[in-house]
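Text of the file run23.pdb, holding PDB, C-alpha atoms:
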```
ATOM      1  CA  MET F   1     -17.610   4.178  -6.371
ATOM      2  CA  GLN F   2     -16.119   5.753  -9.522
ATOM      3  CA  ALA F   3     -14.297   9.058  -9.188
ATOM      4  CA  ASP F   4     -16.845  10.738 -11.515
ATOM      5  CA  ALA F   5     -19.907   9.172  -9.873
ATOM      6  CA  PRO F   6     -22.550  11.600  -8.558
ATOM      7  CA  GLY F   7     -21.707  10.884  -4.924
ATOM      8  CA  ALA F   8     -17.924  10.977  -5.384
ATOM      9  CA  PRO F   9     -17.293  14.428  -3.829
ATOM     10  CA  ARG F  10     -19.300  13.511  -0.734
ATOM     11  CA  MET F  11     -17.574  10.153  -0.514
ATOM     12  CA  ALA F  12     -14.200  11.889  -0.675
ATOM     13  CA  GLU F  13     -15.274  14.209   2.155
ATOM     14  CA  LEU F  14     -16.481  11.237   4.180
ATOM     15  CA  ILE F  15     -13.212   9.332   3.688
ATOM     16  CA  ALA F  16     -11.141  12.366   4.703
ATOM     17  CA  ALA F  17     -13.240  12.847   7.845
ATOM     18  CA  ALA F  18     -13.100   9.131   8.659
ATOM     19  CA  GLU F  19      -9.305   9.107   8.409
ATOM     20  CA  ASP F  20      -9.054  12.020  10.839
ATOM     21  CA  ILE F  21     -11.437  10.384  13.313
ATOM     22  CA  PHE F  22      -9.927   6.888  13.070
ATOM     23  CA  LEU F  23      -6.412   8.232  13.623
ATOM     24  CA  ALA F  24      -7.500  10.476  16.493
ATOM     25  CA  LYS F  25      -9.754   8.029  18.340
ATOM     26  CA  GLY F  26      -8.807   4.618  17.002
ATOM     27  CA  TYR F  27     -11.022   2.432  14.846
ATOM     28  CA  HIS F  28     -12.615   0.625  17.778
ATOM     29  CA  ALA F  29     -13.557   3.764  19.739
ATOM     30  CA  ALA F  30     -14.673   5.838  16.757
ATOM     31  CA  THR F  31     -18.369   5.868  15.930
ATOM     32  CA  MET F  32     -20.199   6.621  12.737
ATOM     33  CA  SER F  33     -21.743   9.574  14.576
ATOM     34  CA  ASP F  34     -18.223  10.938  15.123
ATOM     35  CA  VAL F  35     -17.432  10.536  11.450
ATOM     36  CA  ALA F  36     -20.725  12.051  10.320
ATOM     37  CA  LYS F  37     -20.191  15.097  12.528
ATOM     38  CA  ALA F  38     -16.610  15.567  11.292
ATOM     39  CA  ALA F  39     -17.818  15.292   7.690
ATOM     40  CA  GLY F  40     -20.674  17.744   8.257
ATOM     41  CA  MET F  41     -23.240  15.101   7.290
ATOM     42  CA  SER F  42     -26.154  13.385   8.922
ATOM     43  CA  LYS F  43     -25.792   9.714   9.829
ATOM     44  CA  LYS F  44     -28.550   9.003   7.329
ATOM     45  CA  THR F  45     -26.445  10.548   4.573
ATOM     46  CA  VAL F  46     -23.393   8.591   5.688
ATOM     47  CA  TYR F  47     -25.302   5.329   5.463
ATOM     48  CA  THR F  48     -26.368   6.105   1.908
ATOM     49  CA  LEU F  49     -22.656   6.129   1.031
ATOM     50  CA  VAL F  50     -21.409   3.159   3.081
ATOM     51  CA  GLU F  51     -23.124   0.291   4.863
ATOM     52  CA  SER F  52     -20.940   0.099   7.969
ATOM     53  CA  LYS F  53     -17.818   1.327   9.722
ATOM     54  CA  ALA F  54     -15.924  -1.654   8.302
ATOM     55  CA  ASP F  55     -16.998  -0.734   4.775
ATOM     56  CA  LEU F  56     -15.888   2.831   5.399
ATOM     57  CA  PHE F  57     -12.458   1.595   6.476
ATOM     58  CA  VAL F  58     -12.262  -0.546   3.327
ATOM     59  CA  ALA F  59     -13.018   2.572   1.289
ATOM     60  CA  LEU F  60     -10.295   4.454   3.146
ATOM     61  CA  LEU F  61      -7.744   1.735   2.378
ATOM     62  CA  ALA F  62      -8.849   1.609  -1.260
ATOM     63  CA  HIS F  63      -8.467   5.379  -1.509
ATOM     64  CA  HIS F  64      -4.888   5.183  -0.267
ATOM     65  CA  HIS F  65      -4.087   2.194  -2.470
ATOM     66  CA  ALA F  66      -5.279   4.173  -5.500
ATOM     67  CA  LEU F  67      -2.698   6.865  -4.716
ATOM     68  CA  LEU F  68       0.109   4.417  -5.521
ATOM     69  CA  LYS F  69       0.825   4.811  -9.216
ATOM     70  CA  PHE F  70       3.958   3.306 -10.690
ATOM     71  CA  PRO F  71       5.697   5.366 -13.401
ATOM     72  CA  GLU F  72       5.091   4.254 -16.953
ATOM     73  CA  PRO F  73       8.300   2.843 -18.496
ATOM     74  CA  GLY F  74       9.556   4.352 -21.713
ATOM     75  CA  PRO F  75      10.274   2.222 -24.792
ATOM     76  CA  ASP F  76      13.988   2.092 -23.964
ATOM     77  CA  THR F  77      13.687   1.617 -20.212
ATOM     78  CA  SER F  78      15.872  -1.244 -18.998
ATOM     79  CA  THR F  79      14.674  -3.952 -16.631
ATOM     80  CA  ARG F  80      16.923  -2.532 -13.918
ATOM     81  CA  ASP F  81      15.685   1.039 -14.333
ATOM     82  CA  GLN F  82      12.069  -0.086 -14.375
ATOM     83  CA  LEU F  83      12.497  -2.076 -11.186
ATOM     84  CA  VAL F  84      14.381   0.745  -9.459
ATOM     85  CA  ALA F  85      11.673   3.260 -10.397
ATOM     86  CA  ASN F  86       8.847   0.990  -9.246
ATOM     87  CA  VAL F  87      10.456  -0.081  -5.980
ATOM     88  CA  LEU F  88      11.342   3.538  -5.174
ATOM     89  CA  CYS F  89       7.754   4.542  -5.848
ATOM     90  CA  LEU F  90       6.504   1.793  -3.538
ATOM     91  CA  ALA F  91       9.050   2.676  -0.851
ATOM     92  CA  ARG F  92       8.147   6.355  -0.827
ATOM     93  CA  PHE F  93       4.476   5.455  -0.597
ATOM     94  CA  LEU F  94       4.880   2.998   2.278
ATOM     95  CA  LEU F  95       7.259   5.232   4.209
ATOM     96  CA  SER F  96       5.021   8.293   3.949
ATOM     97  CA  PRO F  97       3.667   9.579   7.279
ATOM     98  CA  GLU F  98       0.102   8.846   6.148
ATOM     99  CA  GLN F  99       0.793   5.190   5.428
ATOM    100  CA  ILE F 100       2.831   4.706   8.589
ATOM    101  CA  SER F 101       0.001   6.230  10.655
ATOM    102  CA  LEU F 102      -2.581   3.955   9.035
ATOM    103  CA  LEU F 103      -0.503   0.846   9.579
ATOM    104  CA  ARG F 104       0.114   1.761  13.207
ATOM    105  CA  LEU F 105      -3.640   2.169  13.610
ATOM    106  CA  ILE F 106      -4.239  -1.263  12.110
ATOM    107  CA  MET F 107      -1.647  -2.879  14.374
ATOM    108  CA  ALA F 108      -3.088  -1.212  17.479
ATOM    109  CA  GLU F 109      -6.715  -2.001  16.673
ATOM    110  CA  TYR F 110      -6.570  -5.470  15.162
ATOM    111  CA  THR F 111      -7.055  -7.412  18.403
ATOM    112  CA  HIS F 112      -9.938  -5.182  19.496
ATOM    113  CA  SER F 113     -11.951  -5.234  16.287
ATOM    114  CA  PRO F 114     -13.187  -8.487  14.707
ATOM    115  CA  ASP F 115     -14.271  -6.428  11.695
ATOM    116  CA  PHE F 116     -10.625  -6.074  10.754
ATOM    117  CA  GLY F 117     -10.371  -9.734   9.745
ATOM    118  CA  ARG F 118     -13.181  -9.268   7.252
ATOM    119  CA  VAL F 119     -11.752  -5.958   6.072
ATOM    120  CA  PHE F 120      -8.387  -7.448   5.185
ATOM    121  CA  LEU F 121      -9.829 -10.609   3.687
ATOM    122  CA  ARG F 122     -11.964  -8.508   1.379
ATOM    123  CA  SER F 123      -9.194  -6.091   0.495
ATOM    124  CA  HIS F 124      -6.821  -8.912  -0.423
ATOM    125  CA  VAL F 125      -9.436 -10.906  -2.342
ATOM    126  CA  THR F 126     -10.402  -7.902  -4.447
ATOM    127  CA  LYS F 127      -6.744  -7.213  -5.255
ATOM    128  CA  ALA F 128      -5.663  -9.798  -7.815
ATOM    129  CA  LYS F 129      -1.981  -8.982  -7.230
ATOM    130  CA  SER F 130       0.057  -6.252  -5.637
ATOM    131  CA  LYS F 131       1.415  -3.642  -7.996
ATOM    132  CA  LEU F 132       4.967  -4.823  -7.535
ATOM    133  CA  GLU F 133       3.927  -8.401  -8.306
ATOM    134  CA  CYS F 134       2.216  -7.167 -11.460
ATOM    135  CA  CYS F 135       5.378  -5.375 -12.526
ATOM    136  CA  LEU F 136       7.460  -8.507 -11.989
ATOM    137  CA  ALA F 137       4.889 -10.682 -13.746
ATOM    138  CA  GLU F 138       5.189  -8.452 -16.812
ATOM    139  CA  LEU F 139       8.968  -8.635 -16.691
ATOM    140  CA  VAL F 140       8.850 -12.429 -16.402
ATOM    141  CA  THR F 141       7.111 -12.579 -19.777
ATOM    142  CA  LYS F 142       9.731 -10.340 -21.393
ATOM    143  CA  HIS F 143      13.067 -11.465 -19.993
ATOM    144  CA  ALA F 144      14.490 -14.965 -20.157
ATOM    145  CA  CYS F 145      16.500 -14.621 -16.942
ATOM    146  CA  LEU F 146      13.261 -14.339 -14.972
ATOM    147  CA  THR F 147      11.119 -16.975 -16.667
ATOM    148  CA  THR F 148      11.541 -19.685 -14.016
ATOM    149  CA  ALA F 149      10.712 -17.448 -11.053
ATOM    150  CA  ASP F 150       7.418 -16.890  -9.257
ATOM    151  CA  PRO F 151       6.473 -13.173  -9.352
ATOM    152  CA  LYS F 152       4.879 -13.304  -5.917
ATOM    153  CA  GLU F 153       7.992 -14.825  -4.347
ATOM    154  CA  MET F 154      10.249 -12.438  -6.262
ATOM    155  CA  ALA F 155       8.245  -9.438  -5.063
ATOM    156  CA  ALA F 156       8.539 -10.597  -1.452
ATOM    157  CA  MET F 157      12.311 -11.031  -1.720
ATOM    158  CA  LEU F 158      12.901  -7.733  -3.497
ATOM    159  CA  PHE F 159      10.635  -5.878  -1.066
ATOM    160  CA  GLY F 160      12.479  -7.361   1.893
ATOM    161  CA  MET F 161      15.906  -6.399   0.570
ATOM    162  CA  ALA F 162      14.978  -2.914  -0.574
ATOM    163  CA  ILE F 163      12.412  -1.681   1.929
ATOM    164  CA  GLY F 164      11.869  -4.154   4.749
ATOM    165  CA  GLU F 165      14.422  -2.873   7.288
ATOM    166  CA  PHE F 166      13.559   0.778   6.687
ATOM    167  CA  HIS F 167       9.823   0.124   6.856
ATOM    168  CA  LEU F 168       9.971  -1.874  10.083
ATOM    169  CA  GLY F 169      12.290   0.632  11.749
ATOM    170  CA  VAL F 170      10.059   3.601  10.931
ATOM    171  CA  LEU F 171       6.896   1.698  11.807
ATOM    172  CA  VAL F 172       8.004   0.780  15.331
ATOM    173  CA  GLY F 173       9.726   4.113  15.912
ATOM    174  CA  PHE F 174      13.287   2.807  16.058
ATOM    175  CA  ARG F 175      14.457   5.159  13.341
ATOM    176  CA  ALA F 176      13.428   8.130  11.238
ATOM    177  CA  ALA F 177      12.539   7.696   7.596
ATOM    178  CA  PRO F 178      15.713   7.356   5.487
ATOM    179  CA  SER F 179      16.998  10.298   3.496
ATOM    180  CA  LYS F 180      16.249  10.427  -0.216
ATOM    181  CA  GLN F 181      19.847   9.515  -0.986
ATOM    182  CA  ALA F 182      19.941   6.578   1.446
ATOM    183  CA  LEU F 183      16.667   5.193   0.136
ATOM    184  CA  GLU F 184      17.724   5.465  -3.497
ATOM    185  CA  LYS F 185      21.057   3.765  -2.779
ATOM    186  CA  ARG F 186      19.383   0.895  -0.897
ATOM    187  CA  VAL F 187      16.854   0.345  -3.683
ATOM    188  CA  ARG F 188      19.499   0.384  -6.430
ATOM    189  CA  ASP F 189      21.744  -1.993  -4.504
ATOM    190  CA  ALA F 190      18.824  -4.344  -3.804
ATOM    191  CA  VAL F 191      17.742  -4.387  -7.442
ATOM    192  CA  ASP F 192      21.328  -5.094  -8.589
ATOM    193  CA  ILE F 193      21.659  -7.993  -6.133
ATOM    194  CA  PHE F 194      18.231  -9.295  -7.117
ATOM    195  CA  LEU F 195      18.939  -9.231 -10.855
ATOM    196  CA  ALA F 196      22.384 -10.782 -10.363
ATOM    197  CA  GLY F 197      20.751 -13.607  -8.442
ATOM    198  CA  CYS F 198      18.144 -14.098 -11.160
ATOM    199  CA  ALA F 199      20.873 -14.234 -13.819
ATOM    200  CA  THR F 200      22.875 -16.801 -11.833
ATOM    201  CA  ARG F 201      19.779 -18.942 -11.375
ATOM    202  CA  HIS F 202      19.022 -18.776 -15.097
ATOM    203  CA  GLN F 203      22.565 -19.850 -15.999
ATOM    204  CA  ALA F 204      22.611 -22.791 -13.546
TER     205      ALA F 204
END
```
Can you turn what I pasted into structure tokens?
Amino acid sequence: MQADAPGAPRMAELIAAAEDIFLAKGYHAATMSDVAKAAGMSKKTVYTLVESKADLFVALLAHHHALLKFPEPGPDTSTRDQLVANVLCLARFLLSPEQISLLRLIMAEYTHSPDFGRVFLRSHVTKAKSKLECCLAELVTKHACLTTADPKEMAAMLFGMAIGEFHLGVLVGFRAAPSKQALEKRVRDAVDIFLAGCATRHQA
């Protein structure tokens, strides 16, 4: 549903209520009646906006995904600065309390809810590429040192170096989210190592 569509305000209210209920009760235990009550709507109204609980969860994920907006590079932005800015943006998004809570919910509920398989299949099919992959794909077309690399593989490697340890630690509760300074240093170091590796590969 488009942000300016007639039902958009109600859909936004429904998504907000659904997030509260899913996080409080768990996806499996939550009912559409619970969500309708929290949203101040009738079940009939809810079902005019979404077809099922699984579709509502898809909408919730799509809402959060839409919040991730990479900064637009300026005309003189270097490859390094663009990558640092984009990876930092992604890291802050994934390490936010909201995203950590959602991912913990998914991990806890996956084995109990067959709907989740369909939810994730659909969400991945409708996403042509992740935003980081798109950024790297654009850079591949502009910079010779990256032309022989696969953007999807590059994104996975860069993500792992820059964010992976922090993300896993916060997700499982082994550590608190890193400070702003620690996160920025890790991302810059990871990007420098990544670009140095790409340059070496290009020269080989």
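For the file at hand, the PyMOL selection byres ((chain F and resi 95) around 10) resolves to Leu90, Ala91, Arg92, Phe93, Leu94, Ser96, Pro97, Glu98, Gln99, Ile100, Ser101, Ile163, Phe166, His167, Leu168, Val170, Leu171, Ala176, Ala177 and Pro178 of chain F.
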Note to self: Taking 4 positions as the minimum chain separation for residues in the same chain, which residues sit within 7 Å of Asn86 in chain F when counting all atoms listed in the file? Answer as a PyMOL selection string.
What the structure shows: chain F and resi 70-71+82+90
Next item on the list: Find the residues with any atom within 9 Å of (16.2, 4.3, -0.3); use all atoms listed in the file and the coordinates as given in the file, and write the answer as a ChimeraX atom specification.
Entry: /F:88,91-92,162-163,166,178-188
Notebook entry, point to check: With only C-alpha atoms as the basis for distance, which of F:Val84, F:Phe159, F:Ile106, F:Thr111 is at the shortest distance from Val191 in chain F?
Noted result: F:Val84
Next item on the list: Kindly give the distance, in Å, that separates CA of Phe22 in chain F and CA of Leu105 in chain F, rounded to a single decimal.
Entry: 7.9 Å
Item checked: Neighbour list for range 16-19 of chain F as a PyMOL selection string, cut-off 8 Å, only C-alpha atoms, skip fewer than 2 positions in-chain -> chain F and resi 12-14+21-23+35-36+38-39+56-57+60
Please provide the set of residues having any atom within 8 Å of Met154 in chain F, restricted to all atoms listed in the file, with same-chain residues fewer than 4 positions apart removed, written as a PDB file with C-alpha atoms, keeping the file's coordinate frame.
```pdb
ATOM      1  CA  GLU F 133       3.927  -8.401  -8.306  1.00  0.00           C
ATOM      2  CA  LEU F 136       7.460  -8.507 -11.989  1.00  0.00           C
ATOM      3  CA  ALA F 149      10.712 -17.448 -11.053  1.00  0.00           C
ATOM      4  CA  ASP F 150       7.418 -16.890  -9.257  1.00  0.00           C
ATOM      5  CA  LEU F 158      12.901  -7.733  -3.497  1.00  0.00           C
TER       6      LEU F 158
END
```
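For the atom pair formed by CA of Gly169 in chain F and CA of Ala190 in chain F, the distance is 17.6 Å, given to one decimal.
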Contacts between range 73-76 of chain F and range 133-191 of chain F, please, where a residue of range 133-191 of chain F counts if it comes within 12 Å (with only C-alpha atoms); show its shortest atom pair and distance in Å to one decimal, rows by chain and ascending number, as JSON lines.
```
{"residue": "F:Cys135", "atom": "CA", "partner": "F:Pro73", "partner_atom": "CA", "distance": 10.6}
{"residue": "F:Glu138", "atom": "CA", "partner": "F:Pro73", "partner_atom": "CA", "distance": 11.8}
{"residue": "F:Leu139", "atom": "CA", "partner": "F:Pro73", "partner_atom": "CA", "distance": 11.6}
```
Checklist line | Between CA of His65 in chain F and CA of Leu49 in chain F - distance in Å to one decimal | finding: 19.3 Å
Item checked: Nearest residue to Lys152 in chain F from the set F:Ala137, F:Met32, F:Arg80, F:Ile15 (distances using only C-alpha atoms) ->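 Closest residue, counting only C-alpha atoms: F:Ala137.
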Using the file's own x, y and z axes, what box holds all listed atoms of range 183-190 of chain F with 3 Å on each side, keeping edges along x, y and z, and what are its centre and edge lengths in Å to one decimal, as lines of an AutoDock Vina configuration file?
```
center_x = 19.2
center_y = 0.6
center_z = -3.1
size_x = 11.1
size_y = 15.8
size_z = 12.6
```
Next item on the list: May I ask which of the residues F:Pro151, F:Ser33, F:Ala85, F:Glu109 is the closest one to Glu72 in chain F, counting only C-alpha atoms?
Entry: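 Using only C-alpha atoms, Glu72 in chain F sits closest to F:Ala85.
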Would you mind completing range 11-25 of chain F to N, CA, C and O atoms and writing the output as a short mmCIF file (atom, residue, chain, number, x, y, z; two decimals), in the frame of the given file?
```cif
data_model
loop_
_atom_site.label_atom_id
_atom_site.label_comp_id
_atom_site.auth_asym_id
_atom_site.auth_seq_id
_atom_site.Cartn_x
_atom_site.Cartn_y
_atom_site.Cartn_z
N MET F 11 -18.32 11.31 -0.98
CA MET F 11 -17.57 10.15 -0.51
C MET F 11 -16.15 10.56 -0.16
O MET F 11 -15.59 10.09 0.85
N ALA F 12 -15.55 11.42 -0.96
CA ALA F 12 -14.20 11.89 -0.68
C ALA F 12 -14.17 12.65 0.65
O ALA F 12 -13.24 12.50 1.45
N GLU F 13 -15.19 13.47 0.89
CA GLU F 13 -15.27 14.21 2.15
C GLU F 13 -15.43 13.25 3.33
O GLU F 13 -14.83 13.44 4.39
N LEU F 14 -16.25 12.22 3.12
CA LEU F 14 -16.48 11.24 4.18
C LEU F 14 -15.20 10.47 4.50
O LEU F 14 -14.87 10.25 5.67
N ILE F 15 -14.46 10.07 3.48
CA ILE F 15 -13.21 9.33 3.69
C ILE F 15 -12.19 10.20 4.43
O ILE F 15 -11.51 9.73 5.35
N ALA F 16 -12.09 11.46 4.04
CA ALA F 16 -11.14 12.37 4.70
C ALA F 16 -11.50 12.53 6.18
O ALA F 16 -10.62 12.50 7.06
N ALA F 17 -12.80 12.70 6.46
CA ALA F 17 -13.24 12.85 7.84
C ALA F 17 -13.01 11.56 8.62
O ALA F 17 -12.57 11.59 9.78
N ALA F 18 -13.28 10.43 7.99
CA ALA F 18 -13.10 9.13 8.66
C ALA F 18 -11.64 8.91 9.01
O ALA F 18 -11.32 8.43 10.10
N GLU F 19 -10.73 9.28 8.12
CA GLU F 19 -9.30 9.11 8.41
C GLU F 19 -8.90 9.92 9.63
O GLU F 19 -8.19 9.43 10.52
N ASP F 20 -9.36 11.17 9.68
CA ASP F 20 -9.05 12.02 10.84
C ASP F 20 -9.58 11.41 12.13
O ASP F 20 -8.88 11.36 13.15
N ILE F 21 -10.81 10.93 12.10
CA ILE F 21 -11.44 10.38 13.31
C ILE F 21 -10.78 9.06 13.71
O ILE F 21 -10.48 8.84 14.89
N PHE F 22 -10.55 8.18 12.76
CA PHE F 22 -9.93 6.89 13.07
C PHE F 22 -8.53 7.08 13.67
O PHE F 22 -8.16 6.39 14.63
N LEU F 23 -7.77 8.01 13.11
CA LEU F 23 -6.41 8.23 13.62
C LEU F 23 -6.44 8.91 14.99
O LEU F 23 -5.57 8.67 15.83
N ALA F 24 -7.42 9.76 15.22
CA ALA F 24 -7.50 10.48 16.49
C ALA F 24 -8.04 9.60 17.62
O ALA F 24 -7.55 9.63 18.74
N LYS F 25 -9.06 8.79 17.30
CA LYS F 25 -9.75 8.03 18.34
C LYS F 25 -9.44 6.55 18.32
O LYS F 25 -9.66 5.85 19.32
#
```
